[in-house]
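Novice: Before I ask anything, here is the structure I am working with.
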Amino acid sequence: MKRIETERLKFRPWRESDAQDLFRWASDPDIGERAGWPPHKTLDDSLTVIRTIFSNDHTWALELKQSSQVIGCMGYYPYGESNIDIGEHDAEVGYWIAKPWWNKGLCTEALHAMIDYCFDEKEFDTLWADCFVDNPASGRVMEKCGFRDTGRTNQLSRLYHSQARPVKIYLLARQKNNRFYPHQQSKNTLL
Ligand SMILES: CC(C)(COP(=O)(O)OP(=O)(O)OC[C@H]1O[C@@H](n2cnc3c(N)ncnc32)[C@H](O)[C@@H]1OP(=O)(O)O)[C@@H](O)C(=O)NCCC(=O)NCCS
């Protein structure tokens, strides 16, 4: 599999030995509640997530190159695993960054790299993303990476919150035969 790297970050598979780091970050309610999953309550919760939800070829730990510390997670959901009504050749992206590293451009940097991977290696047609309407930081990351707000919202009732909460839906389409990178000067053709 092609390695995904950025200036400051390395994407790598999650390891069971990451459970302590994962628990440290994922027990913070400001992470899971904004992303739609319950905060981890025990180290065992984190180990179980690594063994199940993160155990695939499309979910990565984000490791800081400088310190080798795991500080976030990024991945995509292929057709059949997405909450959004995506096409067979599409994927939905998702991510979080540990709170001490917020607002340093790290998620934007990582998402640019994953967009390249998803279009150039996996050849998805369209990438989708969603975020709760009250999570502007996530929407801003999507916009900085070229995603467009579709104007559509979903009610994500099957997430752990007791009440359905609206999410905004974004998309970024691949321009076939004339590959462009949305983070360069954009001649971006969106759907
Ligand atoms: C959303 C998240 C991944 C962003 O990570 P990050 O590394 O801080 O993102 P970046 O630094 O690349 O960009 C953040 C942008 O949001 C902006 N932002 C932050 N808080 C904001 C707010 N309350 N309102 C508007 N914009 C905000 C920042 O200013 C920055 O934009 P700028 O570069 O134009 O100034 C991180 O906050 C996080 O993990 N949140 C909890 C989990 C989550 O929401 N996951 C996404 C689920 S859809």
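Going by the structure tokens order, chains are called A, B, ..., each with residues numbered from 1, while ligands are numbered from 1 in the order shown.
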Counting only C-alpha atoms and all ligand atoms, which protein, DNA or RNA residues come within 10 Å of ligand 1, given as a ChimeraX atom specification?
Specialist: /A:25-26,28-37,71-74,93-112,129-145,167-169
Novice: DSSP on the backbone: which residues in segment 81-114 of chain A end up as strand (DSSP E or B)? Give the answer as number ranges by chain.
Specialist: A: 91-97
Novice: Please write the residues from the selection above to a file, keeping C-alpha atoms, as a PDB file, in the first residue's frame.
Specialist:
ATOM      1  CA  ALA A  91     -16.149   7.324  -0.189  1.00  0.00           C
ATOM      2  CA  GLU A  92     -16.813   9.415   2.898  1.00  0.00           C
ATOM      3  CA  VAL A  93     -13.878  10.856   4.833  1.00  0.00           C
ATOM      4  CA  GLY A  94     -13.676  11.255   8.608  1.00  0.00           C
ATOM      5  CA  TYR A  95     -11.124  12.518  11.101  1.00  0.00           C
ATOM      6  CA  TRP A  96     -10.273  13.886  14.525  1.00  0.00           C
ATOM      7  CA  ILE A  97      -7.230  15.554  16.051  1.00  0.00           C
TER       8      ILE A  97
END
Novice: Kindly indicate which residue among A:Arg24, A:Leu64, A:Asn56, A:His40 lies nearest to Lys10 of chain A, using only C-alpha atoms for the distances.
Specialist: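 So, comparing all the options, the nearest one is A:Leu64.
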Novice: Any idea what the distance is between atom CA of Glu16 of chain A and atom CA of Asp44 of chain A?
Specialist: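 That distance, rounded to one decimal, is 10.6 Å.
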Novice: Within 10 Å of Phe54 of chain A, counting only C-alpha atoms, which residues qualify if same-chain residues fewer than 3 places away don't, as a PyMOL selection string?
Specialist: chain A and resi 13-15+47-51+57-61+73-75
Novice: Just to confirm, what's the straight-line distance from atom CA of Leu62 of chain A to atom CA of Tyr170 of chain A in Å (one decimal)?
Specialist: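 These two atoms are separated by 22.6 Å.
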Novice: Which residues, written as number ranges by chain, have at least one atom at most 10 Å from Glu88 of chain A, with only C-alpha atoms counted and residues fewer than 4 positions away on the same chain left out?
Specialist: A: 78-80, 124-126
Novice: Quick one: pull the distance between atom CA of Ala173 of chain A and atom CA of Ser55 of chain A, Å, one decimal.
Specialist: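 Distance reported for this atom pair: 27.3 Å.
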Novice: Looking at A:Glu63, A:Asp149, A:Glu5, A:Asp45, which one is nearest to Asp116 of chain A, with distances taken over only C-alpha atoms?
Specialist: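 Closest to Asp116 of chain A of all the choices is A:Glu5.
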